[in-house]
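Structure file model28.cif (mmCIF, C-alpha atoms) is printed below.
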data_final
#
loop_
_atom_site.label_atom_id
_atom_site.label_comp_id
_atom_site.auth_asym_id
_atom_site.auth_seq_id
_atom_site.Cartn_x
_atom_site.Cartn_y
_atom_site.Cartn_z
CA MET A 214 84.31 69.23 132.33
CA ASP A 215 85.74 67.83 135.60
CA ARG A 216 87.46 65.02 133.73
CA ILE A 217 89.11 67.51 131.39
CA SER A 218 90.11 69.72 134.33
CA ASN A 219 91.96 66.79 135.88
CA LEU A 220 94.19 66.47 132.82
CA PRO A 221 97.73 67.90 133.00
CA GLU A 222 97.81 71.62 132.23
CA ALA A 223 100.22 71.05 129.33
CA LEU A 224 97.70 68.69 127.72
CA ILE A 225 94.81 71.11 128.27
CA SER A 226 96.84 73.90 126.68
CA HIS A 227 97.56 71.65 123.72
CA ILE A 228 93.83 70.94 123.31
CA LEU A 229 93.04 74.66 123.49
CA SER A 230 95.61 75.35 120.77
CA PHE A 231 93.20 73.80 118.26
CA LEU A 232 90.76 76.66 118.95
CA THR A 233 91.23 80.27 117.91
CA THR A 234 92.80 82.46 120.56
CA GLU A 235 89.49 84.26 121.10
CA GLU A 236 87.59 80.99 121.47
CA SER A 237 90.09 79.50 123.90
CA ALA A 238 89.93 82.71 125.99
CA LEU A 239 86.27 81.98 126.71
CA THR A 240 87.34 79.00 128.84
CA SER A 241 88.93 81.37 131.37
CA VAL A 242 85.54 81.75 133.12
CA LEU A 243 85.21 78.02 133.88
CA SER A 244 87.32 78.01 137.04
CA LYS A 245 90.45 79.51 138.60
CA LYS A 246 92.54 76.72 137.07
CA TRP A 247 91.33 77.65 133.61
CA ARG A 248 91.73 81.40 134.05
CA TYR A 249 95.07 81.77 132.27
CA LEU A 250 95.48 78.40 130.55
CA PHE A 251 94.26 79.82 127.25
CA ALA A 252 97.36 82.01 127.07
CA ASP A 253 99.75 79.09 127.57
CA ARG A 254 99.84 78.07 123.90
CA PRO A 255 102.56 78.27 121.24
CA ASN A 256 100.28 79.38 118.41
CA LEU A 257 98.41 82.69 118.55
CA ASP A 258 95.91 84.13 116.09
CA PHE A 259 94.15 87.47 116.49
CA ASP A 260 91.54 88.51 113.96
CA GLY A 261 90.38 92.10 114.33
CA SER A 262 89.15 92.14 110.74
CA VAL A 263 85.96 90.34 111.82
CA ILE A 264 84.89 93.41 113.81
CA ARG A 265 82.02 95.01 111.90
CA PHE A 266 80.23 98.24 112.77
CA HIS A 267 76.65 99.25 112.09
CA PRO A 268 76.46 102.37 109.89
CA GLU A 269 74.90 104.25 112.81
CA THR A 270 77.61 103.26 115.31
CA ARG A 271 79.11 106.38 116.85
CA GLU A 272 82.82 107.14 116.61
CA TRP A 273 83.48 106.80 120.32
CA GLU A 274 81.76 103.40 120.35
CA MET A 275 83.97 102.15 117.50
CA THR A 276 87.05 103.40 119.30
CA GLU A 277 86.09 101.63 122.51
CA ILE A 278 85.41 98.32 120.74
CA LEU A 279 88.80 98.47 119.02
CA ARG A 280 90.43 99.28 122.35
CA VAL A 281 88.97 96.05 123.73
CA PHE A 282 90.67 94.15 120.90
CA ILE A 283 93.98 95.95 121.52
CA ARG A 284 93.81 95.28 125.27
CA PHE A 285 93.06 91.62 124.62
CA VAL A 286 96.14 91.17 122.41
CA ASP A 287 98.29 93.09 124.90
CA ARG A 288 97.02 90.95 127.79
CA VAL A 289 97.65 87.62 126.05
CA LEU A 290 101.21 88.62 125.12
CA GLU A 291 101.81 89.86 128.66
CA LEU A 292 100.58 86.59 130.17
CA GLN A 293 102.90 84.62 127.91
CA GLY A 294 105.98 86.48 129.09
CA ASN A 295 109.09 85.26 127.27
CA SER A 296 107.78 81.83 126.30
CA THR A 297 108.46 80.66 122.75
CA VAL A 298 105.88 81.37 120.04
CA ASP A 299 105.66 78.96 117.11
CA GLU A 300 102.92 80.63 115.07
CA PHE A 301 101.57 84.18 115.18
CA SER A 302 98.72 85.36 112.94
CA LEU A 303 97.41 88.92 113.05
CA LYS A 304 94.61 90.42 110.99
CA CYS A 305 93.45 93.93 111.73
CA GLY A 306 91.78 96.86 110.04
CA ARG A 307 91.42 100.58 110.44
CA GLY A 308 91.32 101.97 113.94
CA VAL A 309 94.05 99.78 115.42
CA TYR A 310 96.99 101.94 116.43
CA PRO A 311 100.04 101.33 114.19
CA VAL A 312 102.39 101.53 117.20
CA CYS A 313 100.52 98.61 118.79
CA VAL A 314 100.93 96.53 115.65
CA THR A 315 104.65 97.25 115.59
CA ASN A 316 105.05 96.32 119.26
CA TRP A 317 103.17 93.04 118.83
CA ILE A 318 105.35 92.03 115.88
CA LEU A 319 108.56 92.91 117.70
CA ASN A 320 107.35 90.97 120.76
CA VAL A 321 106.93 87.67 118.89
CA LEU A 322 110.09 88.18 116.83
CA GLU A 323 112.10 88.49 120.03
CA ARG A 324 110.50 85.26 121.28
CA GLY A 325 111.61 83.22 118.26
CA VAL A 326 108.41 82.95 116.21
CA SER A 327 108.79 80.56 113.25
CA ASP A 328 105.52 81.24 111.37
CA LEU A 329 104.43 84.89 111.04
CA ASP A 330 101.21 85.75 109.16
CA LEU A 331 100.25 89.44 108.92
CA HIS A 332 97.20 90.83 107.12
CA PHE A 333 96.41 94.55 107.35
CA ASN A 334 93.92 97.13 106.24
CA LEU A 335 95.58 100.06 107.97
CA SER A 336 96.78 103.56 107.18
CA GLY A 337 100.03 105.05 108.37
CA VAL A 338 101.72 101.71 109.08
CA SER A 339 105.38 101.10 108.36
CA LEU A 340 106.43 97.65 109.46
CA PRO A 341 109.73 97.33 111.32
CA SER A 342 112.80 96.28 109.34
CA LYS A 343 113.42 93.55 111.94
CA VAL A 344 110.76 91.50 110.14
CA PHE A 345 113.55 90.74 107.65
CA MET A 346 116.18 90.14 110.32
CA SER A 347 115.08 86.96 112.09
CA LYS A 348 117.03 83.79 112.80
CA SER A 349 113.87 81.82 113.64
CA LEU A 350 111.35 82.56 110.87
CA VAL A 351 110.56 79.63 108.57
CA ARG A 352 107.42 81.09 107.00
CA LEU A 353 106.58 84.79 106.52
CA ARG A 354 103.39 86.15 104.97
CA ILE A 355 102.62 89.88 104.75
CA GLU A 356 99.49 91.03 102.97
CA SER A 357 97.81 94.42 102.86
CA GLU A 358 94.52 95.72 101.50
CA ASN A 359 96.18 99.08 100.92
CA VAL A 360 99.86 99.64 100.20
CA ILE A 361 102.06 99.74 103.30
CA ALA A 362 105.83 100.09 103.62
CA ILE A 363 108.63 98.10 105.17
CA ASP A 364 111.86 99.93 105.87
CA MET A 365 114.01 97.09 104.60
CA GLU A 366 117.58 97.98 105.54
CA ASP A 367 118.94 94.47 105.14
CA VAL A 368 117.73 90.88 104.83
CA CYS A 369 118.92 87.98 106.95
CA LEU A 370 116.45 85.13 107.20
CA PRO A 371 118.64 82.02 107.34
CA LYS A 372 115.79 79.56 108.04
CA LEU A 373 113.06 81.06 105.87
CA LYS A 374 111.53 78.60 103.36
CA THR A 375 108.31 80.41 102.40
CA LEU A 376 107.89 84.14 101.73
CA TYR A 377 104.58 85.71 100.63
CA ILE A 378 104.31 89.49 100.12
CA ASN A 379 101.31 91.34 98.67
CA LYS A 380 100.89 95.12 98.25
CA ILE A 381 104.02 96.18 100.07
CA VAL A 382 106.66 98.83 99.44
CA LEU A 383 110.02 97.20 100.11
CA GLY A 384 112.53 99.90 100.97
CA GLU A 385 113.83 102.53 98.58
CA ASP A 386 116.72 100.67 96.93
CA ASP A 387 116.62 99.41 93.35
CA ASP A 388 117.79 95.91 94.21
CA CYS A 389 115.17 94.76 96.70
CA PHE A 390 114.34 91.51 94.83
CA GLU A 391 117.99 90.56 94.73
CA LYS A 392 118.42 91.60 98.36
CA VAL A 393 115.50 89.41 99.44
CA THR A 394 116.67 86.29 97.62
CA SER A 395 120.32 86.69 98.63
CA GLY A 396 119.31 87.04 102.29
CA CYS A 397 117.14 83.90 102.26
CA ARG A 398 119.61 81.09 101.72
CA VAL A 399 117.15 78.17 101.99
CA LEU A 400 114.09 79.82 100.41
CA GLU A 401 111.90 77.34 98.52
CA GLU A 402 108.66 79.25 97.87
CA LEU A 403 108.50 82.93 96.90
CA VAL A 404 105.32 84.91 96.19
CA LEU A 405 105.63 88.59 95.27
CA ILE A 406 102.36 90.28 94.27
CA ASN A 407 102.16 94.03 93.65
CA VAL A 408 105.46 94.69 95.39
CA TYR A 409 106.30 98.34 94.88
CA SER A 410 110.04 98.19 94.30
CA ASP A 411 112.47 97.42 91.48
CA PHE A 412 110.17 99.02 88.90
CA TRP A 413 112.63 99.17 86.03
CA ASN A 414 115.24 96.48 86.73
CA ARG A 415 114.17 93.27 88.41
CA SER A 416 116.36 90.31 89.20
CA VAL A 417 115.39 87.11 91.01
CA SER A 418 118.30 84.81 91.79
CA SER A 419 118.12 81.68 93.95
CA LYS A 420 119.49 78.17 93.67
CA THR A 421 117.11 76.78 96.34
CA LEU A 422 113.84 78.22 95.04
CA LYS A 423 111.31 75.63 93.83
CA SER A 424 108.13 77.71 93.44
CA LEU A 425 107.94 81.31 92.20
CA ILE A 426 104.87 83.53 91.81
CA LEU A 427 105.69 87.01 90.56
CA ALA A 428 102.82 89.38 89.70
CA CYS A 429 104.25 92.84 89.17
CA CYS A 430 102.41 96.13 89.54
CA MET A 431 100.37 96.82 86.40
CA GLU A 432 99.12 100.30 87.27
CA PHE A 433 102.14 102.18 85.86
CA ASP A 434 101.62 101.07 82.24
CA LYS A 435 105.37 101.14 81.55
CA ASN A 436 107.84 98.58 80.22
CA PRO A 437 110.60 97.61 82.67
CA ASP A 438 114.10 97.98 81.28
CA SER A 439 115.45 94.60 82.32
CA ILE A 440 114.17 91.36 83.88
CA SER A 441 116.41 88.47 84.93
CA PHE A 442 115.76 85.07 86.47
CA ASP A 443 118.56 82.86 87.73
CA THR A 444 116.38 80.16 89.28
CA PRO A 445 117.56 76.80 87.90
CA ASN A 446 115.61 74.64 90.37
CA VAL A 447 112.16 76.26 90.11
CA VAL A 448 109.56 73.68 89.10
CA TYR A 449 106.47 75.93 89.34
CA LEU A 450 106.18 79.46 87.93
CA GLU A 451 103.41 82.06 87.73
CA TYR A 452 104.58 85.27 86.08
CA SER A 453 102.61 88.40 85.19
CA ASP A 454 104.33 91.56 83.97
CA TYR A 455 104.73 94.04 81.15
CA VAL A 456 107.11 93.12 78.34
CA ALA A 457 110.65 94.06 79.35
CA GLY A 458 113.20 95.86 77.20
CA LYS A 459 115.56 92.93 77.61
CA TYR A 460 115.95 89.61 79.42
CA PRO A 461 119.71 89.24 80.12
CA LYS A 462 119.33 85.91 81.95
CA VAL A 463 116.37 83.55 82.13
CA LYS A 464 117.29 80.23 83.69
CA PHE A 465 114.49 77.78 84.49
CA ASN A 466 116.24 74.48 83.86
CA SER A 467 113.88 72.37 86.04
CA LEU A 468 110.55 73.98 85.13
CA VAL A 469 107.57 71.62 85.10
CA LYS A 470 104.53 73.90 85.21
CA ALA A 471 104.19 77.57 84.27
CA SER A 472 101.48 80.21 83.86
CA ILE A 473 102.55 83.23 81.80
CA ASP A 474 100.74 86.55 81.47
CA LEU A 475 102.90 89.01 79.53
CA VAL A 476 101.24 92.32 78.71
CA MET A 477 101.79 95.12 76.21
CA THR A 478 101.52 98.73 77.39
CA SER A 479 98.87 101.04 75.96
CA GLU A 480 101.58 102.77 73.92
CA GLN A 481 102.66 99.46 72.41
CA HIS A 482 99.05 98.68 71.55
CA GLU A 483 98.66 101.98 69.72
CA GLN A 484 101.82 101.49 67.66
CA ALA A 485 101.64 97.72 67.05
CA THR A 486 101.80 96.48 63.46
CA TYR A 487 102.66 93.14 61.88
CA GLU A 488 105.64 94.75 60.10
CA HIS A 489 107.38 96.33 63.11
CA LEU A 490 107.76 94.45 66.40
CA MET A 491 107.18 96.40 69.61
CA GLY A 492 109.61 94.33 71.69
CA ASP A 493 111.11 90.88 71.87
CA VAL A 494 110.38 88.18 74.45
CA THR A 495 112.36 85.50 72.62
CA ASP A 496 115.03 85.31 75.33
CA PHE A 497 112.37 84.84 77.99
CA LEU A 498 110.74 82.02 76.01
CA MET A 499 114.12 80.37 75.52
CA GLY A 500 114.56 80.35 79.29
CA ILE A 501 111.29 78.50 79.95
CA ARG A 502 111.44 76.11 76.99
CA ASN A 503 111.93 73.04 79.25
CA VAL A 504 108.45 73.46 80.74
CA GLN A 505 106.07 70.47 80.58
CA THR A 506 102.70 72.12 81.28
CA LEU A 507 102.10 75.70 80.13
CA TYR A 508 99.24 78.20 80.54
CA ILE A 509 99.27 81.12 78.09
CA SER A 510 97.03 84.13 78.74
CA ALA A 511 95.19 86.02 75.99
CA ASN A 512 97.58 88.92 76.65
CA THR A 513 100.55 86.64 76.04
CA LEU A 514 99.13 85.46 72.72
CA GLU A 515 99.06 89.09 71.68
CA VAL A 516 102.65 89.56 72.86
CA LEU A 517 103.77 86.56 70.80
CA THR A 518 102.28 88.28 67.76
CA PHE A 519 103.73 91.75 68.21
CA CYS A 520 106.73 91.28 70.55
CA CYS A 521 108.46 88.07 69.53
CA VAL A 522 111.06 87.47 66.84
CA HIS A 523 111.22 83.71 67.27
CA ILE A 524 109.24 81.10 69.21
CA PRO A 525 111.60 78.33 70.35
CA VAL A 526 110.77 74.63 70.22
CA PHE A 527 109.13 73.37 73.41
CA HIS A 528 110.19 69.73 73.21
CA ASN A 529 108.94 68.83 76.72
CA ILE A 530 105.45 70.34 76.61
CA ILE A 531 102.74 67.72 76.93
CA GLY A 532 99.98 70.07 78.21
CA LEU A 533 99.11 73.52 76.84
CA THR A 534 96.25 75.79 77.94
CA ILE A 535 95.31 78.82 75.84
CA GLN A 536 93.18 81.59 77.30
CA SER A 537 91.03 82.95 74.50
CA ARG A 538 89.02 86.06 75.31
CA LYS A 539 88.18 87.57 71.90
CA SER A 540 91.84 88.08 71.17
CA GLY A 541 93.57 87.31 67.89
CA TRP A 542 95.04 83.89 67.20
CA GLU A 543 97.80 85.06 64.84
CA SER A 544 100.60 83.52 66.91
CA LEU A 545 98.80 80.30 67.82
CA PRO A 546 99.67 78.25 64.70
CA ALA A 547 103.39 79.02 65.12
CA LEU A 548 103.23 78.14 68.83
CA LEU A 549 101.47 74.81 68.20
CA LYS A 550 104.04 73.87 65.58
CA LYS A 551 106.76 74.36 68.19
CA CYS A 552 105.15 71.80 70.53
CA PRO A 553 105.95 68.52 68.74
CA ASN A 554 105.08 66.28 71.70
CA LEU A 555 101.90 68.02 72.83
CA GLU A 556 99.29 65.56 74.12
CA THR A 557 96.62 67.74 75.78
CA LEU A 558 95.42 71.06 74.38
CA VAL A 559 92.98 73.15 76.45
CA PHE A 560 91.11 76.23 75.28
CA ASP A 561 89.95 78.46 78.12
CA GLY A 562 87.19 80.00 76.03
CA LEU A 563 86.89 79.52 72.28
CA SER A 564 86.02 83.00 71.03
CA HIS A 565 88.64 84.94 69.08
CA SER A 566 88.82 88.17 67.09
CA PHE A 567 88.83 88.16 63.31
CA THR A 568 92.05 89.63 61.88
CA VAL A 569 93.56 89.91 58.42
CA LYS A 570 95.71 86.89 59.33
CA CYS A 571 92.58 84.70 59.40
CA MET A 572 92.74 84.73 55.59
CA ASP A 573 96.16 83.03 55.70
CA VAL A 574 96.17 79.26 56.05
CA ASP A 575 98.76 79.36 58.86
CA GLY A 576 97.74 82.75 60.25
CA CYS A 577 94.94 81.41 62.44
CA LEU A 578 93.20 78.18 63.46
CA CYS A 579 89.79 79.13 62.10
CA LYS A 580 88.50 77.85 58.75
CA PHE A 581 88.11 81.28 57.13
CA SER A 582 90.99 80.70 54.68
CA GLY A 583 89.25 77.58 53.36
CA GLU A 584 92.40 75.51 53.87
CA VAL A 585 93.57 73.35 56.77
CA PRO A 586 96.34 74.85 58.93
CA THR A 587 99.33 72.51 59.03
CA CYS A 588 99.47 72.86 62.83
CA LEU A 589 96.13 71.01 62.90
CA SER A 590 96.63 68.47 60.11
CA SER A 591 99.92 67.33 61.67
CA SER A 592 98.83 67.85 65.27
CA PRO A 593 100.03 65.25 67.81
CA VAL A 594 97.27 66.24 70.26
CA LYS A 595 95.32 63.33 71.75
CA VAL A 596 93.06 65.19 74.20
CA LEU A 597 91.26 68.44 73.39
CA LYS A 598 89.40 70.28 76.15
CA ILE A 599 87.22 73.35 75.65
CA LEU A 600 86.31 75.32 78.76
CA ARG A 601 83.63 78.05 79.00
CA PHE A 602 81.88 76.88 75.85
CA GLY A 603 78.71 78.86 75.12
CA ASP A 604 79.70 82.49 74.56
CA ASN A 605 78.79 82.26 70.86
CA VAL A 606 77.40 78.76 70.40
CA GLU A 607 77.14 78.58 66.60
CA LYS A 608 80.63 79.93 65.92
CA GLU A 609 82.15 77.78 68.64
CA LYS A 610 80.30 74.74 67.34
CA ASP A 611 81.66 75.31 63.82
CA LEU A 612 85.18 75.71 65.15
CA THR A 613 84.85 72.54 67.22
CA LYS A 614 83.77 70.61 64.11
CA HIS A 615 86.75 72.11 62.30
CA PHE A 616 89.01 70.62 64.95
CA LEU A 617 87.27 67.24 64.70
CA GLU A 618 87.75 67.02 60.93
CA THR A 619 91.37 68.18 60.90
CA MET A 620 93.14 66.72 63.99
CA PRO A 621 94.07 63.14 63.03
CA ARG A 622 95.29 61.78 66.38
CA LEU A 623 92.48 63.05 68.58
CA GLU A 624 91.28 60.43 71.05
CA GLN A 625 89.09 62.51 73.35
CA LEU A 626 87.15 65.76 73.06
CA MET A 627 85.79 67.24 76.29
CA ILE A 628 83.56 70.34 76.22
CA TYR A 629 82.53 72.18 79.38
CA TYR A 630 79.30 73.89 78.39
CA ASP A 631 78.30 77.02 80.31
CA THR A 632 74.53 76.79 80.11
CA LEU A 633 71.47 76.75 82.35
CA PHE A 634 69.74 73.96 80.45
CA ASP A 635 70.42 70.22 80.32
CA ASP A 636 68.87 70.03 76.84
CA ASP A 637 71.66 72.23 75.42
CA VAL A 638 74.25 69.71 76.56
CA PHE A 639 72.34 66.76 75.12
CA GLU A 640 71.76 68.47 71.75
CA LEU A 641 75.40 69.50 71.36
CA SER A 642 76.65 66.06 72.35
CA SER A 643 74.30 64.34 69.90
CA GLU A 644 75.19 66.68 67.04
CA LEU A 645 78.94 66.27 67.48
CA LYS A 646 78.72 62.47 67.83
CA ARG A 647 76.77 62.34 64.55
CA PHE A 648 79.34 64.52 62.79
CA PRO A 649 80.43 62.33 59.85
CA THR A 650 83.85 63.64 58.84
CA LYS A 651 86.03 63.11 61.87
CA ALA A 652 89.75 62.92 61.12
CA SER A 653 90.10 60.47 63.99
CA PRO A 654 87.38 57.79 64.02
CA ILE A 655 88.34 56.67 67.54
CA CYS A 656 87.71 60.10 69.10
CA GLU A 657 85.35 59.97 72.08
CA ILE A 658 83.20 63.06 72.65
CA GLN A 659 82.00 64.20 76.05
CA VAL A 660 79.96 67.35 76.75
CA ILE A 661 79.91 68.31 80.41
CA PHE A 662 77.22 70.47 82.01
CA ASN A 663 78.52 73.63 83.71
CA ASN A 664 75.50 75.03 85.56
CA LEU A 665 76.01 78.81 85.74
CA SER A 666 73.38 79.15 88.44
CA GLY A 667 75.40 76.91 90.79
#
The structure in this file should be written as structure tokens.
Amino acid sequence: MDRISNLPEALISHILSFLTTEESALTSVLSKKWRYLFADRPNLDFDGSVIRFHPETREWEMTEILRVFIRFVDRVLELQGNSTVDEFSLKCGRGVYPVCVTNWILNVLERGVSDLDLHFNLSGVSLPSKVFMSKSLVRLRIESENVIAIDMEDVCLPKLKTLYINKIVLGEDDDCFEKVTSGCRVLEELVLINVYSDFWNRSVSSKTLKSLILACCMEFDKNPDSISFDTPNVVYLEYSDYVAGKYPKVKFNSLVKASIDLVMTSEQHEQATYEHLMGDVTDFLMGIRNVQTLYISANTLEVLTFCCVHIPVFHNIIGLTIQSRKSGWESLPALLKKCPNLETLVFDGLSHSFTVKCMDVDGCLCKFSGEVPTCLSSSPVKVLKILRFGDNVEKEKDLTKHFLETMPRLEQLMIYYDTLFDDDVFELSSELKRFPTKASPICEIQVIFNNLSG
């Protein structure tokens, strides 16, 4: 320890910065020199969420323990004075006074913090609007276990590149999404999850954005009126939402990878028929048609059946993943036909619901019609992967054989078998390799053991 104590204080502080703030504070008892060194660091992290109480802990004891945490944060910030803060991370739960949280945030904002990470499980907290008025922030993350509000009067974050918001009410205006993106001129990564604003009309517009994750609130069971995206440079997209009434602008010119989860409301489910569409997502699909790798949820498959006039051609798609959770496959043949350059097809689960369309040759992928769907007989797919195999082994096995005997360009079949027994994997592998009527004689078959007990 003496050798370390002889190091320059700046170097010691740098070493301590690799510890958590609480851990580095323990060094203050080593000697007088070390007493305040722990506070001389540009990155601070305080985690009050780790405080756990025994069920029999009395109320006054809980209050006193939380006061110790509050006093510790206050003391560290006081010792730092006006020195610059690079990173500030705060996690706290119930019992921490909201006014203290607000004061801590304002303290580091005034000192030019560049990375602000806030995670709350508090009641009665309304974060200060100054969170969105900072000339120094480069990264901002705000996450809450329960919904909290930010009084967002205006947005001016000229250096912000990454914004992550989860379970937050953003002001009372109808244009909060547009306000956020217009006030972040160099924003590259945007994550909005369960943001309680812009319920009926949502618009995301940014020329600098490269990654967008938008998961809208699903608890209202209502269709938004209008959704627009003017994000020509986004390369990665995750989007989850109810089907909108219209999509005036959807611009994803540079899209490489996307995960789409479009959902019908309960009212649309009740009224859905094959004869009368319950909406139209064609304009949205047109906007993402340049994508190269696409994940489609089971909900989205349903939307393509009942809320889509026309599926556009996806010329650039080389990888397609289909989530299949006992949903119908009515729209799948049409989708596969519109992917002329598809190389890898992945099924996330292989179970599907029987519908009247299964009796049509191009109404499903199953073999119920007795004929081969043209989307399989002319399929360009070279690699077929089946995840979560094992929900209904015999039906899934028959469907897998159906793929083997109808997909002429298949070079590799990979099955991820959810089973507890090695013998199941060996038996399935042996049976499929012995299957005599493969459309592609060069297809290699691999069954991979997914141990559910692991």
Exercise. Find, counting all atoms listed in the file, the residue in A:Leu645, A:Val338, A:Val494, A:Met477 that gets nearest to Val463 in chain A.
Key: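 Using all atoms listed in the file, the shortest distance to Val463 in chain A belongs to A:Val494.
The space between CA of Cys313 in chain A and CA of Asn359 in chain A spans 18.4 Å.
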Quiz item: Pick the closest to Cys389 in chain A from A:Val408, A:Ile355, A:Ala485, A:Val286: which is it, counting all atoms listed in the file?
Solution: A:Val408
Exercise. Pull out every residue that the PyMOL selection byres ((chain A and resi 554-556) around 9) matches in the shown coordinates and put them as a ChimeraX atom specification.
Key: /A:527-533,549,551-553,557-558,592-597
Practice problem: Enumerate, as a list in words, the protein, DNA and RNA residues whose atoms approach (122.0, 84.7, 83.2) to within 9 Å, taking into account only C-alpha atoms and the coordinate frame of the file. | Solution: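 Residues lying no farther than 9 Å from the given point: Ser441, Phe442, Asp443, Tyr460, Pro461, Lys462, Val463 and Lys464 of chain A.
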Quiz item: Interatomic distance between CA of Gly325 in chain A and CA of Asn295 in chain A?
Solution: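 CA of Asn295 in chain A lies 9.6 Å from CA of Gly325 in chain A.
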Around the point (94.9, 95.4, 104.1) (coordinates from the file), which residues reach within 7 Å if we count all atoms listed in the file? Answer as a tab-separated table (two decimals) with C-alpha atoms, in the frame of the given file.
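Output saved as selection_1.tsv:
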chain	number	residue	atom	x	y	z
A	306	GLY	CA	91.78	96.86	110.04
A	332	HIS	CA	97.20	90.83	107.12
A	333	PHE	CA	96.41	94.55	107.35
A	334	ASN	CA	93.92	97.13	106.24
A	335	LEU	CA	95.58	100.06	107.97
A	356	GLU	CA	99.49	91.03	102.97
A	357	SER	CA	97.81	94.42	102.86
A	358	GLU	CA	94.52	95.72	101.50
A	359	ASN	CA	96.18	99.08	100.92
Quiz item: Nearest to Leu545 in chain A: which of A:Pro525, A:Glu391, A:Thr568, A:Leu517 is it, counting all atoms listed in the file?
Solution: A:Leu517
Quiz item: Please, what distance in Å, to one decimal, runs between CA of Val360 in chain A and CA of Ile406 in chain A?
Solution: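 CA of Ile406 in chain A lies at a distance of 11.4 Å from CA of Val360 in chain A.
Across A:Ser347, A:Ser544, A:Ser339, A:Gln293, the tightest approach to Asp367 in chain A is made by A:Ser347 when counting only C-alpha atoms.
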